[in-house]
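Participant: Coordinates in coords-v6.cif, mmCIF, N, CA and C atoms, are listed below.
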data_upload
loop_
_atom_site.label_atom_id
_atom_site.label_comp_id
_atom_site.auth_asym_id
_atom_site.auth_seq_id
_atom_site.Cartn_x
_atom_site.Cartn_y
_atom_site.Cartn_z
N MET A 75 -23.50 -13.64 -8.64
CA MET A 75 -23.12 -12.85 -9.79
C MET A 75 -23.32 -11.36 -9.50
N LYS A 76 -24.40 -11.06 -8.82
CA LYS A 76 -24.69 -9.65 -8.49
C LYS A 76 -23.61 -9.08 -7.56
N LYS A 77 -23.15 -9.87 -6.59
CA LYS A 77 -22.11 -9.41 -5.67
C LYS A 77 -20.81 -9.16 -6.41
N LEU A 78 -20.48 -10.04 -7.34
CA LEU A 78 -19.27 -9.87 -8.13
C LEU A 78 -19.33 -8.58 -8.94
N PHE A 79 -20.46 -8.32 -9.56
CA PHE A 79 -20.64 -7.10 -10.34
C PHE A 79 -20.47 -5.86 -9.46
N ILE A 80 -21.07 -5.86 -8.29
CA ILE A 80 -20.98 -4.72 -7.37
C ILE A 80 -19.54 -4.52 -6.92
N THR A 81 -18.85 -5.61 -6.64
CA THR A 81 -17.44 -5.52 -6.23
C THR A 81 -16.59 -4.91 -7.34
N LEU A 82 -16.77 -5.38 -8.55
CA LEU A 82 -16.00 -4.84 -9.68
C LEU A 82 -16.28 -3.37 -9.91
N VAL A 83 -17.53 -2.98 -9.86
CA VAL A 83 -17.90 -1.58 -10.05
C VAL A 83 -17.28 -0.72 -8.95
N THR A 84 -17.31 -1.18 -7.73
CA THR A 84 -16.73 -0.44 -6.61
C THR A 84 -15.22 -0.28 -6.79
N MET A 85 -14.53 -1.33 -7.20
CA MET A 85 -13.08 -1.27 -7.40
C MET A 85 -12.71 -0.30 -8.51
N LEU A 86 -13.50 -0.26 -9.56
CA LEU A 86 -13.23 0.65 -10.67
C LEU A 86 -13.58 2.09 -10.32
N ALA A 87 -14.56 2.27 -9.47
CA ALA A 87 -14.98 3.62 -9.09
C ALA A 87 -14.00 4.29 -8.14
N PHE A 88 -13.27 3.51 -7.37
CA PHE A 88 -12.35 4.05 -6.37
C PHE A 88 -10.95 3.44 -6.52
N PRO A 89 -10.31 3.64 -7.66
CA PRO A 89 -9.00 3.00 -7.84
C PRO A 89 -7.93 3.50 -6.89
N GLY A 90 -7.95 4.77 -6.51
CA GLY A 90 -6.94 5.31 -5.59
C GLY A 90 -7.04 4.71 -4.21
N ALA A 91 -8.24 4.40 -3.78
CA ALA A 91 -8.44 3.86 -2.45
C ALA A 91 -7.90 2.44 -2.33
N VAL A 92 -7.79 1.74 -3.44
CA VAL A 92 -7.34 0.36 -3.42
C VAL A 92 -5.82 0.26 -3.52
N SER A 93 -5.16 1.23 -4.13
CA SER A 93 -3.74 1.11 -4.45
C SER A 93 -2.84 1.06 -3.21
N ALA A 94 -2.91 2.05 -2.33
CA ALA A 94 -2.03 2.03 -1.17
C ALA A 94 -2.43 3.08 -0.15
N ALA A 95 -2.30 2.73 1.08
CA ALA A 95 -2.46 3.67 2.18
C ALA A 95 -1.71 3.08 3.36
N VAL A 96 -0.61 3.70 3.70
CA VAL A 96 0.20 3.23 4.82
C VAL A 96 -0.12 4.11 6.01
N ASN A 97 -0.66 3.49 7.06
CA ASN A 97 -0.98 4.22 8.28
C ASN A 97 0.32 4.47 9.04
N ILE A 98 0.76 5.71 9.06
CA ILE A 98 2.05 6.03 9.68
C ILE A 98 2.03 5.89 11.21
N ASN A 99 0.85 5.72 11.78
CA ASN A 99 0.75 5.54 13.23
C ASN A 99 0.88 4.07 13.65
N THR A 100 0.67 3.14 12.72
CA THR A 100 0.70 1.72 13.09
C THR A 100 1.62 0.88 12.22
N ALA A 101 2.13 1.42 11.12
CA ALA A 101 2.91 0.63 10.17
C ALA A 101 4.24 0.17 10.76
N THR A 102 4.65 -0.99 10.32
CA THR A 102 5.96 -1.53 10.69
C THR A 102 7.03 -0.85 9.84
N GLN A 103 8.29 -1.11 10.17
CA GLN A 103 9.37 -0.53 9.37
C GLN A 103 9.29 -1.02 7.92
N ALA A 104 9.01 -2.29 7.73
CA ALA A 104 8.91 -2.84 6.37
C ALA A 104 7.76 -2.19 5.61
N GLU A 105 6.63 -1.97 6.27
CA GLU A 105 5.49 -1.33 5.62
C GLU A 105 5.81 0.12 5.26
N LEU A 106 6.49 0.83 6.15
CA LEU A 106 6.87 2.21 5.87
C LEU A 106 7.81 2.30 4.68
N GLN A 107 8.66 1.30 4.51
CA GLN A 107 9.61 1.30 3.40
C GLN A 107 8.94 1.12 2.04
N THR A 108 7.67 0.77 2.00
CA THR A 108 6.96 0.65 0.73
C THR A 108 6.56 2.02 0.19
N ILE A 109 6.71 3.07 1.00
CA ILE A 109 6.39 4.43 0.58
C ILE A 109 7.55 4.95 -0.28
N ASN A 110 7.24 5.50 -1.44
CA ASN A 110 8.28 6.05 -2.31
C ASN A 110 9.08 7.12 -1.57
N GLY A 111 10.40 6.97 -1.59
CA GLY A 111 11.28 7.94 -0.94
C GLY A 111 11.62 7.61 0.50
N ILE A 112 11.02 6.56 1.06
CA ILE A 112 11.30 6.19 2.45
C ILE A 112 12.17 4.93 2.45
N ASN A 113 13.39 5.08 2.90
CA ASN A 113 14.31 3.94 3.00
C ASN A 113 14.30 3.42 4.45
N ALA A 114 15.16 2.47 4.75
CA ALA A 114 15.20 1.85 6.08
C ALA A 114 15.47 2.88 7.18
N ALA A 115 16.42 3.78 6.94
CA ALA A 115 16.77 4.78 7.95
C ALA A 115 15.61 5.74 8.22
N LYS A 116 14.94 6.18 7.17
CA LYS A 116 13.81 7.10 7.34
C LYS A 116 12.62 6.39 8.00
N ALA A 117 12.41 5.12 7.65
CA ALA A 117 11.33 4.35 8.28
C ALA A 117 11.59 4.21 9.78
N LYS A 118 12.83 3.92 10.14
CA LYS A 118 13.18 3.81 11.57
C LYS A 118 13.01 5.15 12.26
N ALA A 119 13.36 6.25 11.58
CA ALA A 119 13.20 7.58 12.17
C ALA A 119 11.72 7.90 12.41
N ILE A 120 10.84 7.45 11.51
CA ILE A 120 9.39 7.66 11.69
C ILE A 120 8.92 6.92 12.93
N ILE A 121 9.35 5.68 13.07
CA ILE A 121 8.96 4.88 14.25
C ILE A 121 9.52 5.50 15.53
N ASP A 122 10.77 5.93 15.51
CA ASP A 122 11.37 6.58 16.68
C ASP A 122 10.61 7.84 17.06
N TYR A 123 10.25 8.63 16.04
CA TYR A 123 9.52 9.88 16.28
C TYR A 123 8.17 9.59 16.94
N ARG A 124 7.41 8.65 16.39
CA ARG A 124 6.07 8.39 16.94
C ARG A 124 6.16 7.74 18.32
N THR A 125 7.26 7.03 18.60
CA THR A 125 7.45 6.46 19.93
C THR A 125 7.66 7.57 20.96
N LYS A 126 8.43 8.58 20.59
CA LYS A 126 8.72 9.69 21.51
C LYS A 126 7.59 10.72 21.58
N ALA A 127 7.03 11.09 20.42
CA ALA A 127 6.07 12.20 20.36
C ALA A 127 4.61 11.74 20.39
N GLY A 128 4.38 10.45 20.25
CA GLY A 128 3.01 9.95 20.19
C GLY A 128 2.52 9.89 18.75
N ALA A 129 1.25 9.55 18.62
CA ALA A 129 0.65 9.37 17.29
C ALA A 129 0.70 10.66 16.47
N PHE A 130 0.88 10.48 15.16
CA PHE A 130 0.83 11.62 14.25
C PHE A 130 -0.61 12.14 14.21
N ARG A 131 -0.76 13.45 14.29
CA ARG A 131 -2.08 14.07 14.22
C ARG A 131 -2.41 14.52 12.81
N SER A 132 -1.38 14.64 11.96
CA SER A 132 -1.56 14.96 10.54
C SER A 132 -0.36 14.45 9.77
N THR A 133 -0.54 14.29 8.47
CA THR A 133 0.59 13.82 7.66
C THR A 133 1.66 14.89 7.54
N ASP A 134 1.29 16.15 7.74
CA ASP A 134 2.28 17.24 7.71
C ASP A 134 3.33 17.09 8.80
N GLU A 135 2.98 16.39 9.87
CA GLU A 135 3.91 16.18 10.98
C GLU A 135 5.13 15.35 10.58
N LEU A 136 5.04 14.66 9.44
CA LEU A 136 6.19 13.89 8.96
C LEU A 136 7.41 14.78 8.75
N GLU A 137 7.17 16.05 8.46
CA GLU A 137 8.29 16.98 8.25
C GLU A 137 9.09 17.21 9.54
N ASN A 138 8.53 16.82 10.69
CA ASN A 138 9.24 16.94 11.97
C ASN A 138 10.20 15.77 12.20
N VAL A 139 10.09 14.73 11.38
CA VAL A 139 10.93 13.54 11.53
C VAL A 139 12.31 13.83 10.95
N GLU A 140 13.33 13.45 11.70
CA GLU A 140 14.71 13.67 11.25
C GLU A 140 14.95 12.95 9.92
N GLY A 141 15.47 13.69 8.94
CA GLY A 141 15.77 13.12 7.64
C GLY A 141 14.66 13.23 6.62
N ILE A 142 13.50 13.75 7.05
CA ILE A 142 12.38 13.92 6.12
C ILE A 142 12.05 15.40 6.02
N SER A 143 12.17 15.93 4.83
CA SER A 143 11.83 17.34 4.58
C SER A 143 11.52 17.49 3.10
N PRO A 144 10.92 18.60 2.71
CA PRO A 144 10.63 18.81 1.29
C PRO A 144 11.87 18.79 0.41
N THR A 145 13.04 19.00 1.00
CA THR A 145 14.27 18.97 0.19
C THR A 145 14.81 17.55 0.03
N THR A 146 14.42 16.62 0.91
CA THR A 146 14.94 15.26 0.82
C THR A 146 13.96 14.27 0.20
N VAL A 147 12.66 14.56 0.26
CA VAL A 147 11.64 13.68 -0.33
C VAL A 147 10.52 14.52 -0.94
N ASP A 148 9.76 13.92 -1.84
CA ASP A 148 8.62 14.58 -2.44
C ASP A 148 7.44 14.45 -1.48
N MET A 149 7.19 15.49 -0.69
CA MET A 149 6.15 15.44 0.34
C MET A 149 4.76 15.26 -0.26
N ASN A 150 4.49 15.81 -1.44
CA ASN A 150 3.18 15.63 -2.06
C ASN A 150 2.93 14.17 -2.40
N GLU A 151 3.95 13.49 -2.90
CA GLU A 151 3.82 12.08 -3.23
C GLU A 151 3.62 11.25 -1.96
N ILE A 152 4.39 11.57 -0.93
CA ILE A 152 4.25 10.84 0.33
C ILE A 152 2.85 11.02 0.91
N ARG A 153 2.33 12.23 0.88
CA ARG A 153 0.99 12.49 1.42
C ARG A 153 -0.08 11.66 0.71
N ARG A 154 0.13 11.36 -0.58
CA ARG A 154 -0.84 10.54 -1.32
C ARG A 154 -0.77 9.08 -0.89
N GLU A 155 0.34 8.67 -0.32
CA GLU A 155 0.54 7.27 0.03
C GLU A 155 0.32 6.94 1.50
N VAL A 156 0.14 7.96 2.35
CA VAL A 156 0.02 7.70 3.78
C VAL A 156 -1.30 8.18 4.34
N SER A 157 -1.62 7.64 5.51
CA SER A 157 -2.79 8.09 6.26
C SER A 157 -2.43 8.05 7.74
N ILE A 158 -3.29 8.63 8.55
CA ILE A 158 -3.08 8.58 10.00
C ILE A 158 -4.15 7.73 10.68
N THR A 159 -5.07 7.20 9.89
CA THR A 159 -6.13 6.34 10.42
C THR A 159 -6.33 5.16 9.48
N GLY A 160 -7.03 4.17 9.95
CA GLY A 160 -7.37 3.02 9.11
C GLY A 160 -6.23 2.02 9.00
N PRO A 161 -6.51 0.93 8.28
CA PRO A 161 -5.50 -0.11 8.14
C PRO A 161 -4.45 0.25 7.09
N THR A 162 -3.31 -0.39 7.19
CA THR A 162 -2.28 -0.23 6.17
C THR A 162 -2.59 -1.19 5.03
N VAL A 163 -2.64 -0.63 3.82
CA VAL A 163 -2.88 -1.43 2.62
C VAL A 163 -1.67 -1.22 1.72
N ILE A 164 -0.92 -2.28 1.49
CA ILE A 164 0.30 -2.19 0.71
C ILE A 164 -0.01 -2.39 -0.77
N LYS A 165 0.57 -1.53 -1.61
CA LYS A 165 0.38 -1.65 -3.04
C LYS A 165 1.07 -2.91 -3.56
N LYS A 166 0.54 -3.45 -4.62
CA LYS A 166 1.04 -4.71 -5.17
C LYS A 166 2.29 -4.56 -6.01
N GLU A 167 2.37 -3.52 -6.84
CA GLU A 167 3.52 -3.36 -7.73
C GLU A 167 4.76 -2.97 -6.93
N GLY A 168 5.92 -3.29 -7.50
CA GLY A 168 7.18 -2.97 -6.84
C GLY A 168 7.46 -1.49 -6.89
N LYS A 169 8.25 -1.02 -5.96
CA LYS A 169 8.62 0.39 -5.94
C LYS A 169 10.08 0.53 -6.37
N PRO A 170 10.41 1.65 -6.99
CA PRO A 170 11.80 1.85 -7.37
C PRO A 170 12.70 1.96 -6.13
N ALA A 171 13.93 1.62 -6.28
CA ALA A 171 14.87 1.67 -5.16
C ALA A 171 15.03 3.09 -4.66
N SER A 172 15.09 3.25 -3.34
CA SER A 172 15.28 4.56 -2.72
C SER A 172 16.76 4.87 -2.66
N LYS A 173 17.05 6.15 -2.60
CA LYS A 173 18.46 6.59 -2.47
C LYS A 173 18.88 6.55 -1.02
#
For this file, write the structure as structure tokens.

Facilitator:
Amino acid sequence: MKKLFITLVTMLAFPGAVSAAVNINTATQAELQTINGINAAKAKAIIDYRTKAGAFRSTDELENVEGISPTTVDMNEIRREVSITGPTVIKKEGKPASK
């Protein structure tokens, strides 16, 4: 019972940490497509970029990927959903269709 209580308190204390974090250095194309604003073509471009240039050193480097820029996607929203370290944790709720 004590473990359950601690788990619940931890989940409520850190709701943002539980929702989603897609590691752009290790995510598959399908995992990348769970990011709002990233469609199949942009997900493939992210994978192509990291294959050629190596691991992302910061999330700001996403702007170097062909087809991703502040004019084509909401970079602030993307930065909240991605990381460059740790495991990929996919959010449970569905995402709206990308353009």

Participant: From the set A:Thr125, A:Asn138, A:Ser143, A:Asn97, which residue has the shortest atom-to-atom contact distance to A:Gly160, counting all atoms listed in the file?

Facilitator: A:Asn97

Participant: What do you get, as an mmCIF file with N, CA and C atoms, in the coordinates of the input, if you spell out every residue that the PyMOL selection byres ((chain A and resi 99) around 7) selects here?

Facilitator:
data_model
loop_
_atom_site.group_PDB
_atom_site.id
_atom_site.type_symbol
_atom_site.label_atom_id
_atom_site.label_comp_id
_atom_site.auth_asym_id
_atom_site.auth_seq_id
_atom_site.Cartn_x
_atom_site.Cartn_y
_atom_site.Cartn_z
ATOM 1 N N VAL A 96 -0.610 3.700 3.700
ATOM 2 C CA VAL A 96 0.200 3.230 4.820
ATOM 3 C C VAL A 96 -0.120 4.110 6.010
ATOM 4 N N ASN A 97 -0.660 3.490 7.060
ATOM 5 C CA ASN A 97 -0.980 4.220 8.280
ATOM 6 C C ASN A 97 0.320 4.470 9.040
ATOM 7 N N ILE A 98 0.760 5.710 9.060
ATOM 8 C CA ILE A 98 2.050 6.030 9.680
ATOM 9 C C ILE A 98 2.030 5.890 11.210
ATOM 10 N N THR A 100 0.670 3.140 12.720
ATOM 11 C CA THR A 100 0.700 1.720 13.090
ATOM 12 C C THR A 100 1.620 0.880 12.220
ATOM 13 N N ALA A 101 2.130 1.420 11.120
ATOM 14 C CA ALA A 101 2.910 0.630 10.170
ATOM 15 C C ALA A 101 4.240 0.170 10.760
ATOM 16 N N ALA A 129 1.250 9.550 18.620
ATOM 17 C CA ALA A 129 0.650 9.370 17.290
ATOM 18 C C ALA A 129 0.700 10.660 16.470
ATOM 19 N N PHE A 130 0.880 10.480 15.160
ATOM 20 C CA PHE A 130 0.830 11.620 14.250
ATOM 21 C C PHE A 130 -0.610 12.140 14.210
ATOM 22 N N SER A 157 -1.620 7.640 5.510
ATOM 23 C CA SER A 157 -2.790 8.090 6.260
ATOM 24 C C SER A 157 -2.430 8.050 7.740
ATOM 25 N N ILE A 158 -3.290 8.630 8.550
ATOM 26 C CA ILE A 158 -3.080 8.580 10.000
ATOM 27 C C ILE A 158 -4.150 7.730 10.680
ATOM 28 N N THR A 159 -5.070 7.200 9.890
ATOM 29 C CA THR A 159 -6.130 6.340 10.420
ATOM 30 C C THR A 159 -6.330 5.160 9.480
#

Participant: Select all residues near (4.6, 20.9, 5.6) (cut-off 12 Å, inclusive, file coordinates), counting only C-alpha atoms, and output them as a compact mmCIF listing (two decimals) with N, CA and C atoms, keeping the file's coordinate frame.

Facilitator:
# COMPACT_ATOMS: atom_id res chain seq x y z
N SER A 132 -1.38 14.64 11.96
CA SER A 132 -1.56 14.96 10.54
C SER A 132 -0.36 14.45 9.77
N THR A 133 -0.54 14.29 8.47
CA THR A 133 0.59 13.82 7.66
C THR A 133 1.66 14.89 7.54
N ASP A 134 1.29 16.15 7.74
CA ASP A 134 2.28 17.24 7.71
C ASP A 134 3.33 17.09 8.80
N GLU A 135 2.98 16.39 9.87
CA GLU A 135 3.91 16.18 10.98
C GLU A 135 5.13 15.35 10.58
N LEU A 136 5.04 14.66 9.44
CA LEU A 136 6.19 13.89 8.96
C LEU A 136 7.41 14.78 8.75
N GLU A 137 7.17 16.05 8.46
CA GLU A 137 8.29 16.98 8.25
C GLU A 137 9.09 17.21 9.54
N ASN A 138 8.53 16.82 10.69
CA ASN A 138 9.24 16.94 11.97
C ASN A 138 10.20 15.77 12.20
N VAL A 139 10.09 14.73 11.38
CA VAL A 139 10.93 13.54 11.53
C VAL A 139 12.31 13.83 10.95
N ILE A 142 13.50 13.75 7.05
CA ILE A 142 12.38 13.92 6.12
C ILE A 142 12.05 15.40 6.02
N SER A 143 12.17 15.93 4.83
CA SER A 143 11.83 17.34 4.58
C SER A 143 11.52 17.49 3.10
N PRO A 144 10.92 18.60 2.71
CA PRO A 144 10.63 18.81 1.29
C PRO A 144 11.87 18.79 0.41
N THR A 145 13.04 19.00 1.00
CA THR A 145 14.27 18.97 0.19
C THR A 145 14.81 17.55 0.03
N VAL A 147 12.66 14.56 0.26
CA VAL A 147 11.64 13.68 -0.33
C VAL A 147 10.52 14.52 -0.94
N ASP A 148 9.76 13.92 -1.84
CA ASP A 148 8.62 14.58 -2.44
C ASP A 148 7.44 14.45 -1.48
N MET A 149 7.19 15.49 -0.69
CA MET A 149 6.15 15.44 0.34
C MET A 149 4.76 15.26 -0.26
N ASN A 150 4.49 15.81 -1.44
CA ASN A 150 3.18 15.63 -2.06
C ASN A 150 2.93 14.17 -2.40
N ILE A 152 4.39 11.57 -0.93
CA ILE A 152 4.25 10.84 0.33
C ILE A 152 2.85 11.02 0.91
N ARG A 153 2.33 12.23 0.88
CA ARG A 153 0.99 12.49 1.42
C ARG A 153 -0.08 11.66 0.71

Participant: If you measure from atom C of A:Tyr123 to atom CA of A:Leu106, what distance in Å do you get, rounded to one decimal?

Facilitator: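 Between atom C of A:Tyr123 and atom CA of A:Leu106 the gap is 13.4 Å.
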
Participant: Calculated over only N, CA and C atoms, which of the candidates A:Gln103, A:Met75, A:Thr108, A:Ile120 has the smallest distance to A:Ile164?

Facilitator: A:Thr108

Participant: Taking the file as shown, find all residues satisfying the PyMOL selection byres ((chain A and resi 117) around 8) and write them as a PDB file with N, CA and C atoms, in the frame of the given file.

Facilitator:
ATOM      1  N   THR A 102       4.650  -0.990  10.320  1.00  0.00           N
ATOM      2  CA  THR A 102       5.960  -1.530  10.690  1.00  0.00           C
ATOM      3  C   THR A 102       7.030  -0.850   9.840  1.00  0.00           C
ATOM      4  N   GLN A 103       8.290  -1.110  10.170  1.00  0.00           N
ATOM      5  CA  GLN A 103       9.370  -0.530   9.370  1.00  0.00           C
ATOM      6  C   GLN A 103       9.290  -1.020   7.920  1.00  0.00           C
ATOM      7  N   ALA A 104       9.010  -2.290   7.730  1.00  0.00           N
ATOM      8  CA  ALA A 104       8.910  -2.840   6.370  1.00  0.00           C
ATOM      9  C   ALA A 104       7.760  -2.190   5.610  1.00  0.00           C
ATOM     10  N   GLU A 105       6.630  -1.970   6.270  1.00  0.00           N
ATOM     11  CA  GLU A 105       5.490  -1.330   5.620  1.00  0.00           C
ATOM     12  C   GLU A 105       5.810   0.120   5.260  1.00  0.00           C
ATOM     13  N   LEU A 106       6.490   0.830   6.150  1.00  0.00           N
ATOM     14  CA  LEU A 106       6.870   2.210   5.870  1.00  0.00           C
ATOM     15  C   LEU A 106       7.810   2.300   4.680  1.00  0.00           C
ATOM     16  N   GLN A 107       8.660   1.300   4.510  1.00  0.00           N
ATOM     17  CA  GLN A 107       9.610   1.300   3.400  1.00  0.00           C
ATOM     18  C   GLN A 107       8.940   1.120   2.040  1.00  0.00           C
ATOM     19  N   GLY A 111      10.400   6.970  -1.590  1.00  0.00           N
ATOM     20  CA  GLY A 111      11.280   7.940  -0.940  1.00  0.00           C
ATOM     21  C   GLY A 111      11.620   7.610   0.500  1.00  0.00           C
ATOM     22  N   ILE A 112      11.020   6.560   1.060  1.00  0.00           N
ATOM     23  CA  ILE A 112      11.300   6.190   2.450  1.00  0.00           C
ATOM     24  C   ILE A 112      12.170   4.930   2.450  1.00  0.00           C
ATOM     25  N   ASN A 113      13.390   5.080   2.900  1.00  0.00           N
ATOM     26  CA  ASN A 113      14.310   3.940   3.000  1.00  0.00           C
ATOM     27  C   ASN A 113      14.300   3.420   4.450  1.00  0.00           C
ATOM     28  N   ALA A 114      15.160   2.470   4.750  1.00  0.00           N
ATOM     29  CA  ALA A 114      15.200   1.850   6.080  1.00  0.00           C
ATOM     30  C   ALA A 114      15.470   2.880   7.180  1.00  0.00           C
ATOM     31  N   ALA A 115      16.420   3.780   6.940  1.00  0.00           N
ATOM     32  CA  ALA A 115      16.770   4.780   7.950  1.00  0.00           C
ATOM     33  C   ALA A 115      15.610   5.740   8.220  1.00  0.00           C
ATOM     34  N   LYS A 116      14.940   6.180   7.170  1.00  0.00           N
ATOM     35  CA  LYS A 116      13.810   7.100   7.340  1.00  0.00           C
ATOM     36  C   LYS A 116      12.620   6.390   8.000  1.00  0.00           C
ATOM     37  N   LYS A 118      12.830   3.920  10.140  1.00  0.00           N
ATOM     38  CA  LYS A 118      13.180   3.810  11.570  1.00  0.00           C
ATOM     39  C   LYS A 118      13.010   5.150  12.260  1.00  0.00           C
ATOM     40  N   ALA A 119      13.360   6.250  11.580  1.00  0.00           N
ATOM     41  CA  ALA A 119      13.200   7.580  12.170  1.00  0.00           C
ATOM     42  C   ALA A 119      11.720   7.900  12.410  1.00  0.00           C
ATOM     43  N   ILE A 120      10.840   7.450  11.510  1.00  0.00           N
ATOM     44  CA  ILE A 120       9.390   7.660  11.690  1.00  0.00           C
ATOM     45  C   ILE A 120       8.920   6.920  12.930  1.00  0.00           C
ATOM     46  N   ILE A 121       9.350   5.680  13.070  1.00  0.00           N
ATOM     47  CA  ILE A 121       8.960   4.880  14.250  1.00  0.00           C
ATOM     48  C   ILE A 121       9.520   5.500  15.530  1.00  0.00           C
ATOM     49  N   ASP A 122      10.770   5.930  15.510  1.00  0.00           N
ATOM     50  CA  ASP A 122      11.370   6.580  16.680  1.00  0.00           C
ATOM     51  C   ASP A 122      10.610   7.840  17.060  1.00  0.00           C
ATOM     52  N   TYR A 123      10.250   8.630  16.040  1.00  0.00           N
ATOM     53  CA  TYR A 123       9.520   9.880  16.280  1.00  0.00           C
ATOM     54  C   TYR A 123       8.170   9.590  16.940  1.00  0.00           C
TER      55      TYR A 123
END

Participant: Using only N, CA and C atoms, determine which residues lie at most 8 Å from A:Glu151, disregarding the query and same-chain residues fewer than 5 positions distant; provide the list as JSON, numbers by chain.

Facilitator: {"A": [109, 110, 156]}

Participant: Please report the interatomic distance between atom CA of A:Glu155 and atom C of A:Lys126 in Å with one decimal.

Facilitator: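 Taking atom CA of A:Glu155 as the start and atom C of A:Lys126 as the end point, the length is 22.9 Å.
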
Participant: Measure the distance from atom C of A:Pro161 to atom N of A:Thr146 in Å and round it to one decimal.

Facilitator: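 One can read the atom C of A:Pro161 to atom N of A:Thr146 distance as 25.7 Å.
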